Structures are given as structure tokens and as C-alpha cells.
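Q: To be precise about what I am sending: the file is called my_file06.tsv and holds TSV, C-alpha atoms.
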```tsv
chain	number	residue	atom	x	y	z
A	204	MET	CA	12.54	22.44	-27.62
A	205	THR	CA	10.85	20.25	-25.01
A	206	ALA	CA	10.88	21.76	-21.54
A	207	PRO	CA	12.64	19.96	-18.69
A	208	VAL	CA	10.60	17.87	-16.28
A	209	ASP	CA	9.18	20.30	-13.72
A	210	PRO	CA	6.14	18.79	-12.00
A	211	PRO	CA	3.83	21.05	-9.98
A	212	ALA	CA	3.85	20.94	-6.20
A	213	ARG	CA	1.38	18.33	-4.98
A	214	LEU	CA	0.31	17.01	-1.59
A	215	LEU	CA	-0.30	13.33	-2.35
A	216	MET	CA	-3.01	12.20	0.07
A	217	GLY	CA	-4.33	9.31	-1.98
A	218	PRO	CA	-3.72	5.59	-1.46
A	219	GLY	CA	-0.23	5.85	-2.96
A	220	PRO	CA	2.15	6.92	-4.19
A	221	VAL	CA	2.70	9.53	-1.52
A	222	ASN	CA	5.28	12.30	-1.30
A	223	ALA	CA	8.77	10.90	-0.90
A	224	ASP	CA	10.76	11.88	2.17
A	225	PRO	CA	13.27	14.63	1.22
A	226	ARG	CA	16.08	12.43	2.53
A	227	VAL	CA	15.05	9.71	0.08
A	228	LEU	CA	15.00	12.22	-2.79
A	229	ARG	CA	18.50	13.30	-1.86
A	230	ALA	CA	19.64	9.68	-1.88
A	231	LEU	CA	18.21	9.26	-5.38
A	232	SER	CA	20.40	12.09	-6.66
A	233	THR	CA	23.71	10.69	-5.39
A	234	PRO	CA	26.38	9.45	-7.84
A	235	LEU	CA	26.27	6.00	-9.42
A	236	VAL	CA	28.92	3.36	-8.81
A	237	GLY	CA	29.50	0.07	-10.61
A	238	GLN	CA	27.50	-2.96	-9.59
A	239	TYR	CA	30.58	-4.86	-8.35
A	240	ASP	CA	32.29	-1.90	-6.73
A	241	PRO	CA	32.87	-2.86	-3.07
A	242	VAL	CA	30.99	0.30	-2.14
A	243	MET	CA	27.95	-0.92	-4.08
A	244	THR	CA	28.02	-4.47	-2.74
A	245	GLY	CA	28.43	-2.95	0.70
A	246	TYR	CA	25.25	-0.92	0.20
A	247	MET	CA	23.48	-4.07	-0.95
A	248	ALA	CA	24.51	-5.89	2.23
A	249	GLN	CA	23.43	-2.92	4.35
A	250	THR	CA	20.08	-2.81	2.58
A	251	GLN	CA	19.52	-6.49	3.30
A	252	ALA	CA	20.25	-5.94	6.99
A	253	LEU	CA	17.96	-2.92	7.16
A	254	TYR	CA	15.01	-4.74	5.62
A	255	ARG	CA	15.44	-7.67	7.98
A	256	GLU	CA	14.58	-5.18	10.70
A	257	VAL	CA	11.74	-3.64	8.69
A	258	PHE	CA	10.17	-7.06	8.04
A	259	ALA	CA	11.03	-8.25	11.58
A	260	THR	CA	12.83	-11.32	10.32
A	261	ARG	CA	16.14	-13.13	10.56
A	262	ASN	CA	15.81	-14.41	6.99
A	263	ASP	CA	19.13	-14.30	5.18
A	264	ALA	CA	17.20	-14.16	1.88
A	265	THR	CA	16.03	-10.57	2.27
A	266	LEU	CA	16.69	-8.36	-0.74
A	267	LEU	CA	15.22	-6.07	-3.39
A	268	VAL	CA	13.53	-6.99	-6.65
A	269	ASP	CA	14.09	-4.24	-9.21
A	270	GLY	CA	10.66	-3.05	-10.28
A	271	THR	CA	7.50	-1.79	-8.64
A	272	SER	CA	5.76	-3.75	-5.91
A	273	ARG	CA	4.02	-5.89	-8.52
A	274	ALA	CA	7.47	-7.11	-9.62
A	275	GLY	CA	8.04	-8.44	-6.12
A	276	ILE	CA	4.67	-10.18	-6.13
A	277	GLU	CA	5.35	-11.81	-9.48
A	278	ALA	CA	8.86	-12.88	-8.47
A	279	ALA	CA	7.54	-14.54	-5.33
A	280	LEU	CA	4.68	-16.37	-7.01
A	281	VAL	CA	6.46	-17.50	-10.18
A	282	SER	CA	9.42	-18.74	-8.12
A	283	LEU	CA	7.51	-20.49	-5.33
A	284	VAL	CA	4.79	-22.15	-7.42
A	285	ARG	CA	5.29	-24.76	-10.11
A	286	PRO	CA	2.70	-25.22	-12.86
A	287	GLY	CA	-0.18	-27.34	-11.59
A	288	GLN	CA	0.40	-26.67	-7.90
A	289	ARG	CA	-2.53	-25.36	-5.92
A	290	VAL	CA	-2.64	-21.79	-4.65
A	291	LEU	CA	-5.38	-20.49	-2.35
A	292	VAL	CA	-6.16	-16.77	-2.41
A	293	PRO	CA	-8.65	-15.19	0.00
A	294	VAL	CA	-10.04	-12.23	-1.96
A	295	PHE	CA	-11.40	-9.22	-0.08
A	296	GLY	CA	-10.54	-6.50	-2.61
A	297	ARG	CA	-8.92	-5.71	-5.93
A	298	PHE	CA	-5.45	-6.88	-4.99
A	299	GLY	CA	-6.55	-10.34	-3.97
A	300	HIS	CA	-7.80	-10.70	-7.53
A	301	LEU	CA	-4.34	-9.58	-8.67
A	302	LEU	CA	-2.62	-12.32	-6.65
A	303	ALA	CA	-4.97	-14.87	-8.17
A	304	GLU	CA	-4.27	-13.65	-11.70
A	305	ILE	CA	-0.51	-13.66	-11.28
A	306	ALA	CA	-0.60	-17.16	-9.78
A	307	GLN	CA	-2.78	-18.34	-12.65
A	308	ARG	CA	-0.35	-16.89	-15.18
A	309	ALA	CA	2.40	-18.82	-13.38
A	310	GLY	CA	0.47	-21.99	-14.20
A	311	ALA	CA	-0.95	-22.62	-10.75
A	312	GLU	CA	-4.27	-24.27	-10.07
A	313	VAL	CA	-5.83	-21.27	-8.34
A	314	HIS	CA	-8.60	-21.51	-5.77
A	315	THR	CA	-10.23	-18.45	-4.24
A	316	ILE	CA	-12.58	-17.68	-1.40
A	317	GLY	CA	-14.42	-14.40	-1.26
A	318	THR	CA	-16.11	-12.04	1.14
A	319	THR	CA	-18.00	-8.80	0.80
A	320	TRP	CA	-15.71	-5.85	0.07
A	321	GLY	CA	-15.24	-3.99	3.33
A	322	GLN	CA	-14.84	-7.18	5.37
A	323	VAL	CA	-11.92	-9.50	6.20
A	324	PHE	CA	-11.71	-13.24	6.77
A	325	PRO	CA	-11.93	-14.92	10.17
A	326	THR	CA	-9.10	-17.40	10.69
A	327	SER	CA	-11.61	-20.25	10.86
A	328	VAL	CA	-12.86	-19.50	7.34
A	329	VAL	CA	-9.34	-19.48	5.93
A	330	GLU	CA	-8.44	-22.69	7.74
A	331	GLU	CA	-11.54	-24.46	6.42
A	332	ALA	CA	-10.52	-23.49	2.89
A	333	VAL	CA	-6.92	-24.60	3.45
A	334	ARG	CA	-8.15	-27.94	4.77
A	335	ARG	CA	-10.44	-28.37	1.76
A	336	VAL	CA	-8.12	-27.15	-1.01
A	337	ARG	CA	-4.80	-28.44	0.44
A	338	PRO	CA	-2.80	-25.71	-1.30
A	339	HIS	CA	0.92	-25.62	-1.85
A	340	LEU	CA	0.75	-21.88	-1.09
A	341	LEU	CA	-1.63	-19.57	0.73
A	342	ALA	CA	-1.35	-16.07	-0.78
A	343	VAL	CA	-2.95	-13.21	1.15
A	344	VAL	CA	-2.92	-9.44	0.82
A	345	GLN	CA	-2.37	-7.84	4.20
A	346	GLY	CA	-3.69	-4.33	3.56
A	347	ASP	CA	-5.86	-3.90	0.47
A	348	THR	CA	-6.09	-0.19	-0.34
A	349	SER	CA	-9.06	-0.76	-2.65
A	350	THR	CA	-11.23	-1.45	0.41
A	351	THR	CA	-8.91	-0.05	3.16
A	352	MET	CA	-9.17	-3.36	5.02
A	353	ASN	CA	-6.31	-5.00	6.94
A	354	GLN	CA	-6.48	-8.79	7.00
A	355	PRO	CA	-5.20	-10.25	10.31
A	356	LEU	CA	-2.24	-12.53	9.61
A	357	ASP	CA	-1.02	-13.48	13.07
A	358	GLU	CA	-2.82	-16.84	13.21
A	359	LEU	CA	-2.49	-17.87	9.57
A	360	GLY	CA	1.11	-19.06	9.86
A	361	ASP	CA	0.01	-21.72	12.34
A	362	VAL	CA	-2.82	-22.70	9.97
A	363	CYS	CA	-0.33	-23.16	7.14
A	364	ALA	CA	2.09	-25.09	9.35
A	365	ARG	CA	-0.66	-27.50	10.41
A	366	HIS	CA	-1.61	-28.18	6.80
A	367	GLY	CA	1.79	-28.12	5.11
A	368	ALA	CA	1.27	-24.95	3.05
A	369	LEU	CA	3.67	-22.13	2.32
A	370	PHE	CA	2.46	-18.73	3.55
A	371	TYR	CA	2.95	-15.58	1.44
A	372	THR	CA	1.65	-12.07	1.91
A	373	ASP	CA	1.63	-8.93	-0.20
A	374	ALA	CA	2.42	-6.12	2.26
A	375	THR	CA	2.79	-3.39	-0.36
A	376	ALA	CA	0.36	-0.96	1.24
A	377	SER	CA	0.77	-1.96	4.87
A	378	LEU	CA	4.45	-2.48	5.67
A	379	GLY	CA	5.81	0.26	7.90
A	380	GLY	CA	2.46	1.77	8.86
A	381	ASN	CA	0.80	-1.27	10.41
A	382	PRO	CA	2.10	-4.06	12.66
A	383	PHE	CA	4.09	-6.63	10.70
A	384	GLU	CA	6.04	-9.56	12.13
A	385	ALA	CA	7.35	-11.90	9.43
A	386	ASP	CA	8.98	-14.45	11.73
A	387	ALA	CA	6.50	-14.32	14.60
A	388	TRP	CA	3.60	-14.80	12.18
A	389	GLY	CA	5.24	-17.73	10.39
A	390	LEU	CA	5.51	-16.12	6.97
A	391	ASP	CA	7.49	-17.92	4.29
A	392	ALA	CA	7.51	-14.96	1.90
A	393	ALA	CA	6.53	-11.32	1.95
A	394	THR	CA	6.88	-8.53	-0.58
A	395	ALA	CA	6.32	-4.78	-0.42
A	396	GLY	CA	6.94	-1.49	-2.21
A	397	LEU	CA	8.45	1.85	-1.25
A	398	GLN	CA	5.72	4.23	-2.36
A	399	LYS	CA	3.34	4.02	0.58
A	400	CYS	CA	4.26	3.84	4.27
A	401	LEU	CA	7.99	3.68	3.47
A	402	SER	CA	7.98	7.24	2.05
A	403	GLY	CA	9.76	6.41	-1.20
A	404	PRO	CA	9.15	6.34	-4.95
A	405	PRO	CA	7.71	3.33	-6.76
A	406	GLY	CA	10.35	1.19	-8.44
A	407	SER	CA	11.85	-1.20	-5.89
A	408	ALA	CA	10.23	-4.17	-4.16
A	409	PRO	CA	11.66	-5.38	-0.84
A	410	LEU	CA	11.24	-9.14	-0.44
A	411	THR	CA	12.02	-11.70	2.23
A	412	LEU	CA	12.02	-15.52	2.04
A	413	SER	CA	12.17	-18.05	4.85
A	414	ASP	CA	14.66	-20.90	4.71
A	415	ARG	CA	11.78	-23.16	3.72
A	416	ALA	CA	10.88	-20.89	0.81
A	417	VAL	CA	14.53	-20.69	-0.25
A	418	GLU	CA	14.64	-24.49	-0.34
A	419	VAL	CA	11.67	-24.48	-2.72
A	420	VAL	CA	13.34	-21.89	-4.96
A	421	ARG	CA	16.69	-23.72	-4.90
A	422	GLY	CA	14.84	-26.86	-5.95
A	423	ARG	CA	14.35	-25.19	-9.35
A	424	ARG	CA	17.82	-23.71	-9.69
A	425	ARG	CA	19.37	-22.58	-12.96
A	426	VAL	CA	22.62	-20.79	-13.80
A	427	GLU	CA	22.75	-19.10	-17.19
A	428	ALA	CA	25.02	-20.72	-19.74
A	429	GLY	CA	27.24	-17.69	-20.16
A	430	ILE	CA	28.25	-17.55	-16.47
A	431	ARG	CA	27.93	-21.12	-15.21
A	432	GLU	CA	30.87	-23.13	-13.93
A	433	ASP	CA	31.59	-26.84	-14.34
A	434	ASP	CA	30.00	-27.83	-11.04
A	435	ASP	CA	26.77	-25.83	-11.59
A	436	GLU	CA	23.89	-28.24	-12.18
A	437	ASP	CA	20.32	-27.56	-13.23
A	438	VAL	CA	17.81	-28.75	-10.66
A	439	GLY	CA	14.09	-29.48	-11.02
A	440	GLU	CA	11.57	-27.71	-13.21
A	441	PRO	CA	12.83	-24.27	-14.29
A	442	ILE	CA	11.16	-21.11	-13.04
A	443	GLY	CA	9.11	-19.69	-15.90
A	444	SER	CA	10.71	-16.25	-15.85
A	445	ASN	CA	14.32	-15.23	-16.23
A	446	TYR	CA	14.05	-11.77	-14.71
A	447	PHE	CA	11.89	-12.88	-11.79
A	448	ASP	CA	13.80	-16.11	-11.09
A	449	LEU	CA	14.53	-15.66	-7.40
A	450	GLY	CA	17.12	-18.43	-7.51
A	451	MET	CA	19.23	-16.34	-9.86
A	452	VAL	CA	18.44	-13.16	-7.96
A	453	LEU	CA	19.64	-14.84	-4.76
A	454	ASP	CA	22.88	-15.79	-6.50
A	455	TYR	CA	23.29	-12.15	-7.54
A	456	TRP	CA	22.77	-10.85	-4.00
A	457	GLY	CA	24.70	-13.74	-2.43
A	458	PRO	CA	28.44	-14.37	-1.97
A	459	ARG	CA	28.99	-15.49	-5.58
A	460	ARG	CA	27.58	-12.23	-7.00
A	461	LEU	CA	26.61	-14.07	-10.18
A	462	ASN	CA	25.56	-11.54	-12.77
A	463	HIS	CA	21.82	-11.50	-13.34
A	464	HIS	CA	20.95	-7.92	-14.20
A	465	THR	CA	22.44	-4.51	-13.52
A	466	GLU	CA	21.14	-3.45	-10.14
A	467	ALA	CA	18.94	-0.34	-10.26
A	468	THR	CA	21.51	1.68	-8.35
A	469	SER	CA	19.50	4.82	-7.63
A	470	MET	CA	16.49	2.77	-6.52
A	471	LEU	CA	18.73	0.77	-4.20
A	472	TYR	CA	19.91	4.06	-2.69
A	473	ALA	CA	16.28	5.08	-2.23
A	474	ALA	CA	15.27	1.76	-0.68
A	475	HIS	CA	18.28	1.89	1.64
A	476	GLU	CA	17.30	5.39	2.79
A	477	CYS	CA	13.61	4.49	3.19
A	478	ALA	CA	14.52	1.73	5.62
A	479	ARG	CA	17.20	3.77	7.37
A	480	VAL	CA	14.83	6.68	7.97
A	481	LEU	CA	12.09	4.39	9.27
A	482	LEU	CA	14.39	2.56	11.66
A	483	ASP	CA	16.00	5.80	12.80
A	484	GLU	CA	12.57	7.05	13.91
A	485	GLY	CA	11.80	3.66	15.41
A	486	ARG	CA	9.75	0.87	13.89
A	487	GLN	CA	6.98	0.96	16.49
A	488	LYS	CA	6.96	4.76	16.59
A	489	VAL	CA	6.32	4.84	12.85
A	490	VAL	CA	3.41	2.40	13.21
A	491	ASP	CA	2.04	4.51	16.08
A	492	ARG	CA	2.36	7.71	14.02
A	493	HIS	CA	0.40	6.12	11.19
A	494	ALA	CA	-2.27	4.96	13.62
A	495	ARG	CA	-2.55	8.44	15.12
A	496	ALA	CA	-2.78	10.17	11.74
A	497	GLY	CA	-5.28	7.59	10.53
A	498	ARG	CA	-7.50	8.10	13.59
A	499	ALA	CA	-7.36	11.86	13.07
A	500	MET	CA	-8.35	11.58	9.41
A	501	LEU	CA	-11.16	9.17	10.25
A	502	ALA	CA	-12.48	11.55	12.90
A	503	GLY	CA	-12.18	14.48	10.52
A	504	VAL	CA	-14.09	12.75	7.73
A	505	ARG	CA	-16.85	11.92	10.18
A	506	GLY	CA	-16.72	15.49	11.49
A	507	LEU	CA	-17.63	16.64	7.99
A	508	GLY	CA	-20.72	14.44	8.20
A	509	LEU	CA	-19.43	11.81	5.75
A	510	GLY	CA	-19.95	8.10	6.14
A	511	VAL	CA	-16.97	5.76	6.10
A	512	PHE	CA	-16.84	2.50	4.18
A	513	GLY	CA	-16.03	-0.90	5.62
A	514	ASP	CA	-15.48	-2.69	8.91
A	515	LEU	CA	-13.66	-0.01	10.86
A	516	GLY	CA	-12.44	-2.58	13.36
A	517	HIS	CA	-10.20	-3.97	10.62
A	518	ARG	CA	-9.27	-0.74	8.85
A	519	MET	CA	-5.70	-0.11	7.78
A	520	HIS	CA	-4.02	2.66	9.76
A	521	ASN	CA	-3.09	4.53	6.63
A	522	VAL	CA	-6.15	4.75	4.35
A	523	VAL	CA	-9.70	5.97	4.98
A	524	ALA	CA	-12.60	5.55	2.52
A	525	PRO	CA	-15.21	8.32	2.88
A	526	VAL	CA	-18.52	7.53	1.22
A	527	ILE	CA	-19.33	10.03	-1.53
A	528	PRO	CA	-22.58	11.84	-0.62
A	529	ASP	CA	-25.61	11.25	-2.84
A	530	GLY	CA	-25.76	13.62	-5.77
A	531	VAL	CA	-22.12	14.66	-5.49
A	532	ASP	CA	-19.77	14.30	-8.47
A	533	GLY	CA	-16.92	12.39	-6.87
A	534	GLU	CA	-14.51	13.02	-9.72
A	535	GLY	CA	-15.44	16.68	-9.72
A	536	VAL	CA	-14.49	16.94	-6.04
A	537	ARG	CA	-11.18	15.19	-6.68
A	538	GLY	CA	-10.51	17.49	-9.62
A	539	ALA	CA	-11.25	20.62	-7.58
A	540	LEU	CA	-8.96	19.49	-4.77
A	541	LEU	CA	-6.17	18.94	-7.27
A	542	HIS	CA	-6.73	22.09	-9.32
A	543	ASP	CA	-7.50	24.55	-6.52
A	544	PHE	CA	-5.41	23.18	-3.66
A	545	GLY	CA	-2.79	20.90	-5.22
A	546	ILE	CA	-4.07	17.97	-3.13
A	547	GLU	CA	-4.60	14.51	-4.60
A	548	ILE	CA	-6.98	11.99	-3.10
A	549	GLY	CA	-7.96	8.67	-4.68
A	550	THR	CA	-10.97	7.05	-6.23
A	551	SER	CA	-11.51	3.30	-5.98
A	552	PHE	CA	-12.02	0.27	-8.20
A	553	GLY	CA	-14.64	-2.23	-9.27
A	554	PRO	CA	-17.82	-2.20	-7.15
A	555	LEU	CA	-16.55	0.81	-5.16
A	556	ARG	CA	-15.76	3.04	-8.12
A	557	GLY	CA	-17.79	6.21	-7.78
A	558	ARG	CA	-18.98	5.22	-4.31
A	559	VAL	CA	-15.99	6.17	-2.14
A	560	TRP	CA	-12.91	8.31	-2.12
A	561	ARG	CA	-9.70	6.98	-0.62
A	562	ILE	CA	-7.60	9.32	1.51
A	563	GLY	CA	-4.16	8.17	2.60
A	564	THR	CA	-2.19	9.23	5.64
A	565	MET	CA	1.04	7.38	5.09
A	566	GLY	CA	4.77	7.70	5.05
A	567	VAL	CA	6.09	11.22	5.47
A	568	ASN	CA	2.50	12.48	5.01
A	569	ALA	CA	1.23	10.81	8.20
A	570	ARG	CA	1.30	14.15	10.04
A	571	LEU	CA	-1.21	16.46	11.68
A	572	ASP	CA	-0.62	19.36	9.28
A	573	THR	CA	-1.31	17.26	6.18
A	574	VAL	CA	-4.47	15.84	7.75
A	575	LEU	CA	-5.80	19.29	8.68
A	576	THR	CA	-4.86	20.82	5.31
A	577	THR	CA	-6.65	18.06	3.42
A	578	LEU	CA	-9.77	18.28	5.57
A	579	ALA	CA	-9.95	22.08	5.30
A	580	ALA	CA	-9.68	21.86	1.52
A	581	LEU	CA	-12.23	19.05	1.33
A	582	GLU	CA	-14.68	21.07	3.44
A	583	HIS	CA	-14.36	24.02	1.07
A	584	VAL	CA	-14.83	21.90	-2.06
A	585	LEU	CA	-17.81	20.03	-0.60
A	586	ARG	CA	-19.49	23.26	0.40
A	587	ARG	CA	-19.06	24.60	-3.14
A	588	ALA	CA	-20.61	21.34	-4.38
A	589	GLY	CA	-23.70	22.02	-2.25
A	590	VAL	CA	-23.00	19.65	0.61
A	591	PRO	CA	-24.05	21.16	3.97
A	592	VAL	CA	-20.86	20.39	5.90
A	593	PRO	CA	-20.37	21.67	9.46
A	594	PRO	CA	-18.03	24.69	9.51
A	595	SER	CA	-14.58	23.52	10.68
A	596	GLY	CA	-16.17	20.20	11.59
A	597	GLY	CA	-13.46	18.11	9.99
A	598	VAL	CA	-10.51	20.13	11.21
A	599	ASP	CA	-11.79	20.38	14.77
A	600	ALA	CA	-12.60	16.67	15.02
A	601	ALA	CA	-9.24	15.68	13.59
A	602	ALA	CA	-7.33	18.01	15.89
A	603	ASP	CA	-9.16	16.60	18.90
A	604	ALA	CA	-8.47	13.02	17.81
A	605	TRP	CA	-4.79	13.81	17.29
A	606	ALA	CA	-4.57	15.38	20.75
A	607	GLU	CA	-6.11	12.26	22.28
A	608	GLY	CA	-3.44	10.19	20.53
```
Would you encode the structure as C-alpha cells?
A:
Amino acid sequence: MTAPVDPPARLLMGPGPVNADPRVLRALSTPLVGQYDPVMTGYMAQTQALYREVFATRNDATLLVDGTSRAGIEAALVSLVRPGQRVLVPVFGRFGHLLAEIAQRAGAEVHTIGTTWGQVFPTSVVEEAVRRVRPHLLAVVQGDTSTTMNQPLDELGDVCARHGALFYTDATASLGGNPFEADAWGLDAATAGLQKCLSGPPGSAPLTLSDRAVEVVRGRRRVEAGIREDDDEDVGEPIGSNYFDLGMVLDYWGPRRLNHHTEATSMLYAAHECARVLLDEGRQKVVDRHARAGRAMLAGVRGLGLGVFGDLGHRMHNVVAPVIPDGVDGEGVRGALLHDFGIEIGTSFGPLRGRVWRIGTMGVNARLDTVLTTLAALEHVLRRAGVPVPPSGGVDAAADAWAEG
């Protein structure tokens, strides 16, 4: 007979997923209720209110898309972009390429600009491209874990407003651990996931839409034949996905509660608790904790004598990319950390595969003890691999950086 699921204890210090907060795990195990039970619709309304605070927005259209963070991305792009409309994507890592691919699959005319991995875009470069391309939508990753870079967004809303473009960002890896101000930055749409700075499991994608974005979505409205009423009229060109049709999802989360799918009840509980825990600690305090843990890990990696990839002036708070020393088997080090210490760190993608590791300090794992434990284990494994690391160099440097925080 097959054994029950019983995963080993792991300290997840990669770029995500990370260990879920125990309070979130408890929420996942609570009893199910029906999707139209007043208790359930009450939780849905509470979750919307909580994520307005998390995103720093007053958008009424703030909700969850059932699926991993990529589901939120796809819902936003397929719903906001009609076939043939232009989308501009500044690509500075793997996940910019993902936005471009999803937009292309939605039928958009996709334009990209690129920069060297490890860099971000000055506002002037983005504005020049917006002026040249005249996109319907500017789609930007905020924090790209493949390079650990954090693209500044605070001036791009004004750029889009000047040129009549919608402004969307993928904040999967950044929301909660880095500054984020949806309204103040002029965002029309933003999506995220739970499995990084929000200390939850993958499987639910918080999303927020401005009134302007909602107007675009409503301009393509459909109500399914089996639930429509006499005064429901089809409007505009239909959104090319049923599941990711945000018009129908808005009707499900809105006052009419029009059936679209059965809400992923346990994931809603988890998302609710992720936001509640974050806001209970304090939104800015959580960002500050991530910054402090990230500075400690950065100092510790350098204390071990390792180089660090990328423009550190634009590094995400929650991921560091140590450069793998020459002659060292990067996968062998990762395997030893996992096998001997139960600690997972990440590799990278594309041109960085085999060149850097990625170490995350995010969510419930953005703590001093996890930073020191990871650095002590990494020192041991590197020494066994023949790397002449300074004894206690990583732990001491990280502890000092944390104390300065």
C-alpha cells in the first residue's frame, strides 16, 4: 500500500517557494464551506479588503485568481489585451520573457526592449520605448528572481499616463518584501503569488485592477448562456479564455455572485491568512524585516569570500545571487546542502545557469536564525568542496550586518 504523504523537514532558502507560516498551514486545514454560504462570501469580502491594504490600493476590483502566480499573470494579460493590440515588455530576466510569451499567446503584437541580465531600466529608456511603440499596455516585472533585480516602478505610471498606456506589473516575487504602492505608482493592474514574501503555498494569485482596467475588461463582457438573464448583453470582442476571463471572475466576486467556478476554498483561507499575518505585523515592518535579512545574507555571502551577481543598488530585498567559484560543482553544493543539512537553495536560468546560486530570505524565513544556519551550512559544504572560505566569515559578517539593521 502506498505510504501517506510525509515530506522531510526542509528549510527552503531558495527563490521560492519558501516555508509557509504555521498560521497559514493551520488555515489550510480548516473545514470547507459551500461557495455561497454567507460565511464563505464573507471571507471573500474580507480577503478583498485585506489585499487592498497589501497592494496599497483603493481598487474595488481586488480579488484572487485560483491558480499559481502565473494564472494571475495570464488572467491579467488575456483580459486586458485584445488580439492585435501592442504590448511593450522591458526584459531584464527570465520572467520578462514570460510576460512577452503570454502576451503573444493572447494575440498581442509584442514589442520588447532588453538590457544585460543584472541591470534594470532607467525610466528614460522605458519612456523612449513607450513613445516609439505606443503600446496599449506596458507590462513589467517588478522583482525578477532569475537575476535578483528590482525594477523601479514609481515613475512609470506617469510615463504611461502621458502616453495613454495601461500599466501592469508582475509582483509575484516582490510583493510584501519590497516597497509596493499600486495607487501612488499609477498601476492599472498588478498580480502576485503567495509562495514568496507572503509566506504561503503556491496556488492562489492576488490581483488588483484600477477602474480604468475594469472598464477595459467590461468592454469585452460575456455571461455564460446557462446563467445569463434577459438583460445581460455581450459586449465587444470576447476574452480568449473562459477560466481567465476577469469579467466573469469579477461577476463571481461581485454582488451578483454569478457562478464561474468553484472557489478554491482552502487556498482562499490561506491567502486570507497570508494577508492577515502580514498586516498584523505591519506592512512597512515586514518590508523592513526583509531588507534587514537580505542585507545580512548579502554580507554573509561576501564574508565567505563569494562574489555577488548584479547591480546591488537595484537588488531585491529578498534574494541574493552568489557567484559560484571557479571549479566548484554548483549542483553538487546544492545537493550537499539538501542532503546533509535539509536546506534548499536555488540555481538560476538561461545565461546564469551554473554561474550563480540564488538564496532567498523571504516570508517567514526572513529571520536571523535562518540566515546564520544557511551560511554556516554553506561554509561547511564549500570547505569540503575545496574552497578556502574564512572560518565563520559568513556567520560573523551576517550577524554584524543584522545588528547594524
Q: Please, which residues in region 366-417 of chain A fall within 9 Å of region 446-470 of chain A when counting all atoms listed in the file, and what is the closest atom pair and distance in Å to one decimal for each, ordered by chain then residue number, as JSON lines?
A:
```
{"residue": "A:Pro404", "atom": "CA", "partner": "A:Met470", "partner_atom": "CA", "distance": 8.3}
{"residue": "A:Pro405", "atom": "CA", "partner": "A:Met470", "partner_atom": "CA", "distance": 8.8}
{"residue": "A:Gly406", "atom": "CA", "partner": "A:Met470", "partner_atom": "CA", "distance": 6.6}
{"residue": "A:Ser407", "atom": "CA", "partner": "A:Met470", "partner_atom": "CA", "distance": 6.1}
{"residue": "A:Val417", "atom": "CA", "partner": "A:Gly450", "partner_atom": "CA", "distance": 8.0}
```
Q: Pull the closest atom pair for each residue of region 359-422 of chain A that gets at most 12 Å from region 555-563 of chain A, along with the distance in Å to one decimal, counting all atoms listed in the file, ordering rows by chain and then ascending residue number, as JSON lines.
A:
```
{"residue": "A:Ala376", "atom": "CA", "partner": "A:Gly563", "partner_atom": "CA", "distance": 10.3}
{"residue": "A:Ser377", "atom": "CA", "partner": "A:Gly563", "partner_atom": "CA", "distance": 11.5}
{"residue": "A:Gly380", "atom": "CA", "partner": "A:Gly563", "partner_atom": "CA", "distance": 11.1}
{"residue": "A:Gln398", "atom": "CA", "partner": "A:Gly563", "partner_atom": "CA", "distance": 11.7}
{"residue": "A:Lys399", "atom": "CA", "partner": "A:Gly563", "partner_atom": "CA", "distance": 8.8}
{"residue": "A:Cys400", "atom": "CA", "partner": "A:Gly563", "partner_atom": "CA", "distance": 9.6}
```
Q: Excluding region 496-503 of chain A and any residue of its chain fewer than 4 positions from it, enumerate the residues within 7 Å of it, using all atoms listed in the file, and give them as an mmCIF file with C-alpha atoms, in the frame of the given file.
A:
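Below is the file that was written, around.cif:
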```cif
data_model
loop_
_atom_site.group_PDB
_atom_site.id
_atom_site.type_symbol
_atom_site.label_atom_id
_atom_site.label_comp_id
_atom_site.auth_asym_id
_atom_site.auth_seq_id
_atom_site.Cartn_x
_atom_site.Cartn_y
_atom_site.Cartn_z
ATOM 1 C CA ARG A 492 2.360 7.710 14.020
ATOM 2 C CA LEU A 507 -17.630 16.640 7.990
ATOM 3 C CA HIS A 520 -4.020 2.660 9.760
ATOM 4 C CA ASN A 521 -3.090 4.530 6.630
ATOM 5 C CA VAL A 522 -6.150 4.750 4.350
ATOM 6 C CA VAL A 523 -9.700 5.970 4.980
ATOM 7 C CA THR A 564 -2.190 9.230 5.640
ATOM 8 C CA ALA A 569 1.230 10.810 8.200
ATOM 9 C CA ARG A 570 1.300 14.150 10.040
ATOM 10 C CA LEU A 571 -1.210 16.460 11.680
ATOM 11 C CA VAL A 574 -4.470 15.840 7.750
ATOM 12 C CA LEU A 578 -9.770 18.280 5.570
ATOM 13 C CA GLY A 597 -13.460 18.110 9.990
ATOM 14 C CA VAL A 598 -10.510 20.130 11.210
ATOM 15 C CA ALA A 600 -12.600 16.670 15.020
ATOM 16 C CA ALA A 601 -9.240 15.680 13.590
ATOM 17 C CA ALA A 602 -7.330 18.010 15.890
ATOM 18 C CA ALA A 604 -8.470 13.020 17.810
ATOM 19 C CA TRP A 605 -4.790 13.810 17.290
#
```
Q: Counting all atoms listed in the file, which residue out of A:Arg425, A:Arg479, A:His542, A:Arg334 sits closest to Tyr254 (chain A)?
A: A:Arg479
Q: Please report the interatomic distance between CA of Val531 (chain A) and CA of Arg495 (chain A) in Å with one decimal.
A: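 Straight-line distance from CA of Val531 (chain A) to CA of Arg495 (chain A) works out to 29.1 Å.
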Q: Hey, can you pull every residue with an atom no more than 9 Å from (1.9, -26.0, -0.8), using all atoms listed in the file, and send it as a list of chain:residue names?
A: A:Val284, A:Gln288, A:Arg289, A:Val290, A:Arg337, A:Pro338, A:His339, A:Leu340, A:Leu341, A:Cys363, A:His366, A:Gly367, A:Ala368, A:Leu369, A:Phe370
Q: Determine, counting all atoms listed in the file, which protein, DNA and RNA residues have an atom within 12 Å of an atom of Leu267 (chain A); residues of the same chain fewer than 4 positions away are not included. Present the result as number ranges by chain.
A: A: 246-255, 271-272, 274-276, 278-279, 393-397, 406-412, 447, 449, 452-453, 455-456, 466-468, 470-475, 478
Q: Using all atoms listed in the file, find the one residue out of A:Val362, A:Leu482, A:Ile546, A:Val343 that sits nearest to Asn568 (chain A).
A: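 Looking at the shortest contact to Asn568 (chain A), the residue is A:Ile546.
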Q: Find the residue from A:Gly506, A:Val584, A:Glu256, A:Leu266 that sits nearest to Leu541 (chain A); use only C-alpha atoms when measuring.
A: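 Nearest to Leu541 (chain A): A:Val584.
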Q: Could you tell me how far CA of Tyr239 (chain A) lies from CA of Glu432 (chain A), in Å and to one decimal?
A: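 Separating CA of Tyr239 (chain A) from CA of Glu432 (chain A) is a distance of 19.1 Å.
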